[in-house]
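Data file: query.cif. Format and content: mmCIF, C-alpha atoms.
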data_my_file
loop_
_atom_site.label_atom_id
_atom_site.label_comp_id
_atom_site.auth_asym_id
_atom_site.auth_seq_id
_atom_site.Cartn_x
_atom_site.Cartn_y
_atom_site.Cartn_z
CA MET T 208 0.44 31.38 -8.41
CA LYS T 209 -1.50 34.38 -7.14
CA ARG T 210 -2.70 34.24 -3.56
CA ARG T 211 -6.00 35.93 -2.80
CA ARG T 212 -7.13 37.07 0.61
CA ARG T 213 -10.69 37.75 1.55
CA GLN T 214 -12.34 38.12 4.95
CA GLY T 215 -9.17 36.83 6.60
CA VAL T 216 -9.26 33.51 4.74
CA SER T 217 -6.24 32.42 2.70
CA ARG T 218 -6.89 30.37 -0.46
CA ARG T 219 -4.85 28.93 -3.29
CA PHE T 220 -6.83 27.91 -6.36
CA GLY T 221 -6.09 24.40 -7.52
CA GLY T 222 -3.96 23.73 -4.48
CA LEU T 223 -4.52 24.83 -0.93
CA LEU T 224 -7.46 25.92 1.13
CA VAL T 225 -7.27 26.40 4.88
CA GLY T 226 -10.29 28.30 6.16
CA ALA T 227 -10.70 29.33 9.77
CA VAL T 228 -12.45 26.10 10.76
CA ALA T 229 -10.25 23.80 8.68
CA ALA T 230 -7.10 25.35 10.12
CA SER T 231 -8.31 24.89 13.69
CA VAL T 232 -9.26 21.28 12.96
CA ILE T 233 -5.80 20.49 11.61
CA ALA T 234 -4.07 22.32 14.47
CA GLY T 235 -6.09 20.37 17.00
CA LEU T 236 -5.41 17.06 15.35
CA VAL T 237 -1.65 17.50 14.97
CA PRO T 238 -0.28 18.59 18.37
CA SER T 239 2.98 16.63 18.13
CA CYS T 240 3.61 13.55 16.05
CA LEU T 241 5.72 10.69 17.31
CA ARG T 242 4.64 7.89 14.96
CA PRO T 243 5.97 7.94 11.36
CA ALA T 244 2.56 8.51 9.74
CA GLU T 245 0.73 10.14 12.65
CA ASP T 246 0.64 13.62 11.15
CA ARG T 247 -0.72 12.32 7.84
CA THR T 248 -3.43 10.36 9.64
CA ALA T 249 -4.49 13.55 11.40
CA ARG T 250 -4.54 15.34 8.05
CA ASP T 251 -6.77 12.54 6.71
CA GLU T 252 -9.35 13.30 9.39
CA ALA T 253 -9.42 16.99 8.42
CA VAL T 254 -9.86 16.43 4.66
CA GLY T 255 -13.22 17.55 3.28
CA HIS T 256 -13.99 20.19 5.93
CA ALA T 257 -13.73 23.94 5.40
CA ALA T 258 -15.64 27.10 6.22
CA ILE T 259 -15.82 30.81 5.52
CA PRO T 260 -18.27 33.30 7.02
CA GLY T 261 -21.71 32.28 5.82
CA LEU T 262 -20.78 28.92 4.26
CA ARG T 263 -19.52 25.63 5.61
CA VAL T 264 -18.79 22.43 3.63
CA ALA T 265 -18.35 18.92 5.00
CA VAL T 266 -17.63 16.00 2.66
CA ARG T 267 -18.76 12.73 4.19
CA GLU T 268 -15.96 10.24 4.90
CA GLY T 269 -13.49 12.82 3.57
CA LEU T 270 -13.89 11.51 0.02
CA ALA T 271 -13.01 14.87 -1.56
CA ALA T 272 -10.52 17.62 -0.82
CA VAL T 273 -11.89 21.17 -0.62
CA ARG T 274 -9.70 22.97 -3.12
CA GLU T 275 -11.39 26.37 -3.06
CA LEU T 276 -14.16 27.91 -0.99
CA GLU T 277 -15.54 31.36 -1.65
CA GLU T 278 -18.89 33.02 -1.25
CA GLY T 279 -21.08 31.27 -3.82
CA SER T 280 -18.38 28.83 -4.99
CA VAL T 281 -17.20 25.39 -3.84
CA ARG T 282 -14.47 23.49 -5.70
CA LEU T 283 -13.62 19.91 -4.78
CA TRP T 284 -11.21 17.18 -5.87
CA ALA T 285 -12.95 13.80 -5.63
CA SER T 286 -11.31 10.62 -4.32
CA ALA T 287 -14.18 8.31 -5.25
CA PRO T 288 -16.84 7.77 -7.95
CA SER T 289 -19.54 8.85 -5.49
CA ILE T 290 -19.24 11.66 -2.94
CA GLU T 291 -21.73 13.20 -0.52
CA LEU T 292 -21.35 16.69 0.90
CA GLU T 293 -23.26 18.90 3.27
CA LEU T 294 -23.54 22.64 2.68
CA SER T 295 -24.54 24.80 5.64
CA PHE T 296 -25.38 28.49 5.40
CA ASP T 297 -25.05 30.80 8.39
CA GLU T 298 -28.00 33.10 8.98
CA ALA T 299 -27.44 36.83 8.84
CA ALA T 300 -26.63 38.42 12.20
CA GLY T 301 -29.76 39.61 13.99
CA ALA T 302 -32.16 37.52 11.86
CA PRO T 303 -35.10 36.00 13.77
CA GLU T 304 -34.34 32.45 14.88
CA GLN T 305 -37.37 31.00 13.07
CA ALA T 306 -36.98 33.08 9.92
CA ALA T 307 -37.06 31.21 6.60
CA THR T 308 -33.69 30.60 5.00
CA PRO T 309 -33.33 32.86 1.94
CA PRO T 310 -32.31 31.04 -1.25
CA ARG T 311 -28.52 30.66 -1.50
CA GLU T 312 -26.84 30.10 -4.86
CA VAL T 313 -23.63 28.09 -5.03
CA GLU T 314 -21.56 27.02 -8.01
CA LEU T 315 -20.29 23.52 -7.25
CA SER T 316 -17.31 22.19 -9.21
CA VAL T 317 -16.00 18.66 -8.71
CA ARG T 318 -12.72 17.78 -10.42
CA ASN T 319 -11.63 14.15 -10.84
CA CYS T 320 -15.31 13.37 -11.30
CA MET T 321 -16.77 10.41 -13.21
CA PRO T 322 -17.47 11.62 -16.78
CA GLU T 323 -21.23 11.07 -16.53
CA GLY T 324 -21.51 12.27 -12.94
CA THR T 325 -24.81 13.79 -11.91
CA LEU T 326 -26.17 15.48 -8.80
CA THR T 327 -28.87 14.31 -6.38
CA ILE T 328 -30.39 16.18 -3.45
CA LEU T 329 -30.32 13.78 -0.48
CA GLU T 330 -31.51 16.09 2.31
CA GLY T 331 -32.96 19.59 2.46
CA GLU T 332 -34.56 21.66 -0.25
CA ALA T 333 -32.64 22.80 -3.32
CA GLN T 334 -32.78 23.10 -7.06
CA TRP T 335 -29.88 22.49 -9.39
CA ALA T 336 -28.83 22.67 -13.02
CA PRO T 337 -25.70 21.40 -14.82
CA LEU T 338 -23.08 23.88 -16.01
CA PRO T 339 -20.59 23.51 -18.88
CA ALA T 340 -17.23 21.99 -17.90
CA SER T 341 -13.85 22.38 -19.55
CA LEU T 342 -12.73 18.78 -18.84
CA VAL T 343 -14.45 15.44 -19.24
CA THR T 344 -13.50 14.68 -15.61
CA GLU T 345 -15.09 17.83 -14.22
CA CYS T 346 -18.71 18.06 -13.04
CA ARG T 347 -20.17 21.54 -12.52
CA PHE T 348 -23.57 22.49 -11.15
CA ARG T 349 -25.51 25.56 -10.09
CA VAL T 350 -27.25 24.81 -6.79
CA ILE T 351 -29.93 27.05 -5.30
CA ALA T 352 -30.58 25.98 -1.72
CA SER T 353 -33.73 27.08 0.07
CA SER T 354 -32.90 25.28 3.33
CA SER T 355 -29.84 24.83 5.50
CA PRO T 356 -28.17 22.45 5.55
CA VAL T 357 -28.54 20.64 2.24
CA VAL T 358 -26.87 17.31 1.49
CA LEU T 359 -25.82 16.65 -2.10
CA ARG T 360 -24.50 13.58 -3.86
CA VAL T 361 -22.36 13.68 -6.99
CA ALA T 362 -22.02 10.22 -8.51
CA ASP T 363 -21.73 8.12 -11.63
CA PRO T 364 -25.25 6.95 -12.63
CA LEU T 365 -24.05 3.31 -12.40
CA ALA T 366 -22.38 3.70 -9.01
CA ASP T 367 -25.11 1.78 -7.16
CA THR T 368 -25.85 -0.76 -9.90
CA PRO T 369 -24.16 -4.15 -9.39
CA GLY T 370 -22.54 -5.50 -12.52
CA ALA T 371 -19.29 -6.20 -14.31
CA PHE T 372 -16.78 -3.40 -14.85
CA HIS T 373 -13.06 -2.77 -15.41
CA PHE T 374 -10.66 -0.39 -13.67
CA GLY T 375 -7.03 0.49 -14.37
CA VAL T 376 -4.02 0.52 -12.03
CA LEU T 377 -1.10 2.94 -12.54
CA SER T 378 1.63 3.84 -10.03
CA ASP T 379 5.18 5.23 -9.75
CA ILE T 380 5.36 8.07 -12.25
CA GLN T 381 7.90 10.14 -10.31
CA GLU T 382 10.53 11.80 -12.52
CA ALA T 383 8.80 10.56 -15.72
CA ILE T 384 6.17 13.29 -15.53
CA ASP T 385 7.38 14.62 -18.90
CA ARG T 386 6.52 11.30 -20.55
CA VAL T 387 3.31 10.33 -18.76
CA GLY T 388 1.07 11.85 -21.43
CA ASP T 389 1.44 8.88 -23.76
CA VAL T 390 0.62 6.52 -20.87
CA TYR T 391 -2.62 8.41 -20.38
CA ARG T 392 -3.34 8.27 -24.09
CA ARG T 393 -2.85 4.49 -24.03
CA ILE T 394 -5.24 4.22 -21.07
CA ASN T 395 -7.78 6.29 -22.99
CA GLU T 396 -7.67 3.62 -25.71
CA GLU T 397 -9.28 1.17 -23.26
CA PRO T 398 -12.87 2.52 -23.29
CA HIS T 399 -14.18 -0.18 -20.97
CA LEU T 400 -12.18 1.19 -17.99
CA SER T 401 -14.34 3.03 -15.45
CA PHE T 402 -11.53 4.74 -13.50
CA VAL T 403 -7.86 4.40 -12.64
CA LEU T 404 -6.57 3.37 -9.21
CA GLY T 405 -3.17 4.64 -8.09
CA ALA T 406 -0.77 3.19 -5.51
CA GLY T 407 1.39 6.27 -4.97
CA ASP T 408 4.66 7.93 -6.04
CA LEU T 409 3.00 10.40 -8.36
CA THR T 410 5.92 12.83 -8.11
CA GLU T 411 9.64 12.91 -7.37
CA ARG T 412 9.58 14.91 -4.11
CA GLY T 413 5.94 15.77 -3.42
CA SER T 414 6.40 19.55 -3.60
CA ARG T 415 3.51 21.87 -4.41
CA GLU T 416 5.05 22.65 -7.79
CA GLU T 417 5.28 18.95 -8.65
CA LEU T 418 1.76 18.19 -7.42
CA GLU T 419 0.40 21.03 -9.55
CA ARG T 420 2.36 19.75 -12.55
CA PHE T 421 0.92 16.26 -11.94
CA GLN T 422 -2.57 17.74 -11.93
CA GLU T 423 -1.92 19.58 -15.20
CA GLU T 424 -0.71 16.42 -16.93
CA LEU T 425 -3.71 14.51 -15.57
CA GLU T 426 -5.97 16.65 -17.74
CA ALA T 427 -5.00 14.37 -20.66
CA LEU T 428 -6.60 11.39 -18.91
CA ALA T 429 -10.25 10.84 -19.80
CA LEU T 430 -10.92 9.00 -16.53
CA PRO T 431 -10.72 9.96 -12.87
CA TYR T 432 -7.61 8.84 -10.99
CA TYR T 433 -8.25 7.71 -7.39
CA THR T 434 -4.96 7.31 -5.57
CA THR T 435 -3.07 7.18 -2.32
CA LEU T 436 0.39 8.62 -1.76
CA GLY T 437 3.84 7.01 -1.78
CA ASN T 438 7.18 7.62 -0.10
CA HIS T 439 8.18 10.08 -2.84
CA GLU T 440 5.30 12.36 -1.77
CA LEU T 441 7.14 12.69 1.56
CA GLY T 442 10.27 14.30 0.08
CA ALA T 443 9.33 17.94 0.66
CA SER T 444 9.83 19.66 4.02
CA GLU T 445 6.06 19.52 4.38
CA THR T 446 3.63 16.99 2.93
CA PRO T 447 1.08 19.07 0.97
CA TYR T 448 -0.43 16.03 -0.78
CA HIS T 449 -3.67 16.20 1.26
CA ASP T 450 -4.34 19.78 0.18
CA TYR T 451 -4.40 18.67 -3.43
CA PHE T 452 -5.65 15.10 -3.66
CA GLY T 453 -7.22 14.33 -0.30
CA ARG T 454 -6.83 11.44 2.09
CA GLY T 455 -4.08 8.85 2.01
CA SER T 456 -6.29 6.20 3.68
CA PHE T 457 -9.93 5.93 2.62
CA SER T 458 -12.55 3.49 1.34
CA PHE T 459 -15.37 3.69 -1.19
CA VAL T 460 -17.88 1.44 -2.96
CA TYR T 461 -18.50 1.24 -6.70
CA ARG T 462 -21.06 -1.12 -8.23
CA ASP T 463 -21.15 -3.24 -5.05
CA ALA T 464 -17.36 -3.65 -4.92
CA ARG T 465 -15.36 -2.04 -2.11
CA PHE T 466 -12.03 -0.31 -2.68
CA THR T 467 -9.77 0.51 0.25
CA LEU T 468 -6.59 2.56 -0.16
CA LEU T 469 -4.07 2.68 2.68
CA ASP T 470 -1.19 5.05 3.37
CA SER T 471 1.88 2.78 3.67
CA ALA T 472 4.30 5.46 2.45
CA SER T 473 6.39 5.17 5.63
CA ALA T 474 6.65 1.36 5.35
CA THR T 475 4.05 1.04 8.09
CA ILE T 476 0.34 1.61 8.71
CA ASP T 477 -0.58 4.06 11.44
CA PRO T 478 -2.46 2.52 14.41
CA ARG T 479 -5.41 4.87 13.87
CA VAL T 480 -5.68 3.63 10.27
CA TYR T 481 -5.87 0.04 11.57
CA GLU T 482 -9.00 1.11 13.45
CA TRP T 483 -10.55 2.44 10.24
CA LEU T 484 -9.45 -0.68 8.38
CA SER T 485 -11.33 -2.90 10.83
CA ASP T 486 -14.56 -1.06 9.96
CA TRP T 487 -13.87 -1.17 6.23
CA LEU T 488 -13.14 -4.91 6.37
CA ASP T 489 -16.42 -5.51 8.21
CA LEU T 490 -18.32 -3.47 5.63
CA GLY T 491 -16.63 -5.25 2.71
CA ARG T 492 -16.82 -8.81 4.05
CA ARG T 493 -19.71 -9.74 1.73
CA GLN T 494 -18.52 -7.64 -1.19
CA THR T 495 -15.68 -7.94 -3.64
CA HIS T 496 -12.94 -6.07 -1.79
CA VAL T 497 -9.80 -4.61 -3.39
CA VAL T 498 -7.08 -3.15 -1.13
CA ALA T 499 -4.28 -0.95 -2.54
CA MET T 500 -1.25 0.70 -0.92
CA HIS T 501 2.18 1.89 -1.99
CA ILE T 502 4.84 -0.12 -0.12
CA PRO T 503 3.88 -3.82 0.03
CA PRO T 504 4.00 -5.62 3.39
CA LEU T 505 6.39 -8.19 1.89
CA ASP T 506 8.93 -7.97 -0.94
CA PRO T 507 8.16 -11.01 -3.12
CA ILE T 508 11.68 -11.25 -4.59
CA GLY T 509 13.70 -9.91 -1.65
CA VAL T 510 16.28 -7.89 -3.57
CA ARG T 511 14.90 -4.38 -3.08
CA ASN T 512 14.00 -4.52 0.60
CA GLY T 513 10.82 -2.94 -0.73
CA ALA T 514 8.61 -3.97 2.16
CA PHE T 515 7.37 -2.95 5.59
CA SER T 516 10.06 -2.11 8.11
CA SER T 517 8.58 -4.71 10.47
CA ARG T 518 7.88 -8.29 9.40
CA ASN T 519 5.67 -8.65 12.47
CA GLU T 520 3.49 -5.78 11.29
CA ALA T 521 3.43 -7.21 7.76
CA SER T 522 2.14 -10.48 9.19
CA LYS T 523 -0.46 -8.66 11.29
CA LEU T 524 -1.77 -6.66 8.34
CA LEU T 525 -1.94 -9.59 5.94
CA GLY T 526 -3.66 -11.69 8.58
CA ARG T 527 -6.33 -9.03 8.97
CA LEU T 528 -6.82 -8.78 5.21
CA ALA T 529 -7.14 -12.57 4.91
CA ARG T 530 -9.65 -12.82 7.76
CA GLY T 531 -11.57 -9.93 6.19
CA ASN T 532 -12.04 -11.90 2.94
CA VAL T 533 -10.12 -9.40 0.80
CA ASP T 534 -10.13 -10.51 -2.84
CA LEU T 535 -7.18 -8.61 -4.31
CA THR T 536 -4.19 -6.60 -3.06
CA LEU T 537 -2.41 -4.03 -5.24
CA TYR T 538 0.96 -2.37 -4.59
CA GLY T 539 3.46 -0.02 -6.19
CA HIS T 540 6.96 1.04 -5.05
CA ILE T 541 8.89 -1.64 -7.00
CA HIS T 542 9.26 -0.43 -10.59
CA SER T 543 8.25 -3.58 -12.39
CA TYR T 544 5.41 -6.11 -12.37
CA TYR T 545 5.07 -9.12 -10.07
CA ARG T 546 2.19 -11.51 -9.53
CA PHE T 547 2.16 -13.53 -6.30
CA ASP T 548 -0.03 -14.43 -3.30
CA ASN T 549 0.19 -12.96 0.19
CA ALA T 550 -1.72 -14.72 2.99
CA GLY T 551 -3.58 -16.55 0.24
CA ILE T 552 -4.77 -13.29 -1.36
CA PRO T 553 -3.85 -12.62 -5.02
CA ALA T 554 -1.34 -9.77 -5.15
CA HIS T 555 0.04 -7.61 -7.95
CA ILE T 556 2.90 -5.13 -7.78
CA SER T 557 2.65 -2.65 -10.64
CA GLY T 558 5.13 0.22 -10.67
CA GLY T 559 5.05 0.96 -14.37
CA GLY T 560 4.26 4.67 -14.49
CA GLY T 561 7.73 5.55 -15.78
CA ALA T 562 9.98 5.80 -12.72
CA ILE T 563 13.48 4.29 -13.14
CA PRO T 564 12.69 0.67 -14.08
CA GLU T 565 14.01 -2.51 -12.52
CA ARG T 566 17.13 -3.82 -14.28
CA PHE T 567 16.01 -7.44 -14.14
CA ASP T 568 13.44 -7.22 -16.92
CA ALA T 569 12.47 -5.19 -19.95
CA LEU T 570 8.80 -4.73 -19.08
CA GLY T 571 8.97 -0.94 -19.08
CA ARG T 572 5.99 1.31 -18.58
CA HIS T 573 2.69 -0.42 -18.14
CA PHE T 574 -0.66 -0.38 -16.35
CA LEU T 575 -3.12 -3.04 -15.25
CA ASP T 576 -6.63 -3.72 -16.54
CA VAL T 577 -8.66 -5.40 -13.77
CA ARG T 578 -12.08 -6.94 -14.44
CA VAL T 579 -14.65 -7.31 -11.66
CA ASP T 580 -17.91 -9.19 -12.07
CA GLU T 581 -20.60 -10.70 -9.84
CA ARG T 582 -18.23 -13.52 -8.80
CA GLY T 583 -15.40 -11.21 -7.75
CA VAL T 584 -12.11 -10.30 -9.43
CA ALA T 585 -12.38 -12.05 -12.80
CA GLY T 586 -8.98 -11.19 -14.29
CA VAL T 587 -5.93 -8.93 -14.31
CA ARG T 588 -4.24 -8.00 -17.58
CA VAL T 589 -0.88 -6.24 -17.99
CA VAL T 590 -1.01 -3.56 -20.70
CA ARG T 591 2.44 -2.50 -21.92
CA VAL T 592 2.94 1.08 -23.10
CA ASP T 593 6.50 0.91 -24.48
#

In structure tokens, how does this file's structure come out?
Amino acid sequence: MKRRRRQGVSRRFGGLLVGAVAASVIAGLVPSCLRPAEDRTARDEAVGHAAIPGLRVAVREGLAAVRELEEGSVRLWASAPSIELELSFDEAAGAPEQAATPPREVELSVRNCMPEGTLTILEGEAQWAPLPASLVTECRFRVIASSSPVVLRVADPLADTPGAFHFGVLSDIQEAIDRVGDVYRRINEEPHLSFVLGAGDLTERGSREELERFQEELEALALPYYTTLGNHELGASETPYHDYFGRGSFSFVYRDARFTLLDSASATIDPRVYEWLSDWLDLGRRQTHVVAMHIPPLDPIGVRNGAFSSRNEASKLLGRLARGNVDLTLYGHIHSYYRFDNAGIPAHISGGGGAIPERFDALGRHFLDVRVDERGVAGVRVVRVD
């Protein structure tokens, strides 16, 4: 893929952006990593921030990766149905300090967007208009800002409206990338689904080439796919996942239900993520709260050793989730389907994206259809593809 250079900033469309500010943020956050997931946690904190001369973007809570940043153009990959971002425009050198900000035009593109996503101006002064998009999961807008900064929100119109909805769960695609298209087509046949949640292992080795191939195949899915990463995303010499799909640990709210995704790809949760989790549990205590991660704390059948490397940590995490009134836990990693309880919380392992299946059953590829209503999680249905 062609690499363009402009004003000393290196960019890769659809993959990597490290502007001068973003690079310094990452460098400062990753001095030397001793814990298994420490470097990825530092990368989480840098997601959503980038700058070039004259333009700076900051996505609140890191709920979108900055995929491309050029003069007059911002391209994001969303990790949630609702994202908020701040655009700041540097004044021209030598301009009077109190001079009015000249209008600045920016084309904003958000991939992995809710199909009916629209834009709202939260702070500052700006005008906007929708632009045509090539995908149903892309939202494009022309924004003309007459103040700096401006804060924008791109969200599904129902994002703040409590009510019943469904979401899908799909994990562990890995080497089955050549066959995932028919899984997506089967998901598209469930029109009541609002989005798909992923519990990791999207690729075989997590290389840039595989992540780009995953993105290309995802164009067949008519819904956004909000996911964390799995141990197979750690197979490359580097872990470029964050450059493409954003944070591994994050939390968002949709229709008064909270969703928290945790990076357990190293069979542990980083201590810094436990700090974030405490806040997310407090925020979600009076909401329906769904927590998803790749490797489950405990292996319910005990034959795969597919669990945390420390039983003490597994107990600690599940205790926190139970005390935080979590309603549902979702996992991948084990390539089958299991329903059980952990710490009294309903749990589902669903690794049916196509990776080498368990030999103990003939379930094959599948995804979950989860219904949420005003009472909480109202049901989980297994949808077989094969």

Each residue of stretch 443-503 of chain T with at least one atom at most 7 Å from stretch 277-296 of chain T should appear once, together with its nearest atom pair and the corresponding distance in Å (one decimal); atoms considered: all atoms listed in the file; ordering: chain, then increasing residue number; output as JSON lines.
{"residue": "T:Phe452", "atom": "CA", "partner": "T:Trp284", "partner_atom": "CA", "distance": 6.3}
{"residue": "T:Gly453", "atom": "CA", "partner": "T:Ser286", "partner_atom": "CA", "distance": 6.8}
{"residue": "T:Phe459", "atom": "CA", "partner": "T:Ala287", "partner_atom": "CA", "distance": 6.3}
{"residue": "T:Tyr461", "atom": "CA", "partner": "T:Pro288", "partner_atom": "CA", "distance": 6.9}

Could you write out as a PyMOL selection string the residues that the PyMOL selection byres ((chain T and resi 333-344) around 6) matches in the shown file?
chain T and resi 319-322+332+345+347-353

Residues within 9 Å of (-1.8, 4.1, -23.3), file coords, all atoms listed in the file, listed as a compact mmCIF listing (two decimals) with C-alpha atoms, in the frame of the given file:
# COMPACT_ATOMS: atom_id res chain seq x y z
CA GLY T 388 1.07 11.85 -21.43
CA ASP T 389 1.44 8.88 -23.76
CA VAL T 390 0.62 6.52 -20.87
CA TYR T 391 -2.62 8.41 -20.38
CA ARG T 392 -3.34 8.27 -24.09
CA ARG T 393 -2.85 4.49 -24.03
CA ILE T 394 -5.24 4.22 -21.07
CA ASN T 395 -7.78 6.29 -22.99
CA GLU T 396 -7.67 3.62 -25.71
CA GLU T 397 -9.28 1.17 -23.26
CA HIS T 573 2.69 -0.42 -18.14
CA PHE T 574 -0.66 -0.38 -16.35
CA VAL T 590 -1.01 -3.56 -20.70
CA ARG T 591 2.44 -2.50 -21.92
CA VAL T 592 2.94 1.08 -23.10
CA ASP T 593 6.50 0.91 -24.48

Picked residues, the PyMOL selection byres ((chain T and resi 412) around 12), expected as a ChimeraX atom specification:
/T:380-382,407-411,413-418,421,436-448

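Of the residues under consideration (T:Arg527, T:Asp576, T:Pro356, T:Ser378), T:Pro356 shows the shortest atom-to-atom contact distance to T:Gly331 when counting all atoms listed in the file.
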
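Residue nearest T:Ala464, chosen from T:Gly539, T:Pro503, T:Pro369, T:Gly551 and counting only C-alpha atoms: T:Pro369.
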
Under the PyMOL selection byres ((chain T and resi 245) around 12), which residues of this model are included? Write them out as a list in words.
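Applying the expression gives Leu236, Val237, Pro238, Ser239, Cys240, Leu241, Arg242, Pro243, Ala244, Asp246, Arg247, Thr248, Ala249, Arg250, Asp251, Glu252, Gly455, Asp470, Ser471, Ala472, Ser473, Thr475, Ile476, Asp477, Pro478, Arg479 and Val480 of chain T.
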
With C-alpha atoms kept, could you save the residues just selected as a compact mmCIF listing (two decimals), in the coordinates of the input?
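Output contents, as saved in part00.txt:
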# COMPACT_ATOMS: atom_id res chain seq x y z
CA LEU T 236 -5.41 17.06 15.35
CA VAL T 237 -1.65 17.50 14.97
CA PRO T 238 -0.28 18.59 18.37
CA SER T 239 2.98 16.63 18.13
CA CYS T 240 3.61 13.55 16.05
CA LEU T 241 5.72 10.69 17.31
CA ARG T 242 4.64 7.89 14.96
CA PRO T 243 5.97 7.94 11.36
CA ALA T 244 2.56 8.51 9.74
CA ASP T 246 0.64 13.62 11.15
CA ARG T 247 -0.72 12.32 7.84
CA THR T 248 -3.43 10.36 9.64
CA ALA T 249 -4.49 13.55 11.40
CA ARG T 250 -4.54 15.34 8.05
CA ASP T 251 -6.77 12.54 6.71
CA GLU T 252 -9.35 13.30 9.39
CA GLY T 455 -4.08 8.85 2.01
CA ASP T 470 -1.19 5.05 3.37
CA SER T 471 1.88 2.78 3.67
CA ALA T 472 4.30 5.46 2.45
CA SER T 473 6.39 5.17 5.63
CA THR T 475 4.05 1.04 8.09
CA ILE T 476 0.34 1.61 8.71
CA ASP T 477 -0.58 4.06 11.44
CA PRO T 478 -2.46 2.52 14.41
CA ARG T 479 -5.41 4.87 13.87
CA VAL T 480 -5.68 3.63 10.27

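The coordinates place atom CA of T:Val403 at 16.9 Å from atom CA of T:Tyr544.
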
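Considering the residues T:Tyr481, T:Trp487, T:Phe402, T:Phe374 and counting only C-alpha atoms, T:Asn532 has its shortest atom-to-atom contact with T:Trp487.
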
Find the residue from T:Ala383, T:Ala562, T:Ile502, T:Ala429 that sits nearest to T:Arg318; use only C-alpha atoms when measuring.
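The closest residue to T:Arg318 is T:Ala429.
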
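Between atom CA of T:Ser458 and atom CA of T:Ala257 the interatomic distance comes to 20.9 Å.
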
Calculate how many Å separate atom CA of T:Asn549 from atom CA of T:Leu525, rounding to one decimal.
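For atom CA of T:Asn549 relative to atom CA of T:Leu525, the distance reads 7.0 Å.
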
Test item: residues at most 10 Å from T:Ser517, all atoms listed in the file, excluding those fewer than 6 positions along its chain, as a VMD selection string
chain T and resid 474 to 475 504 to 505 523
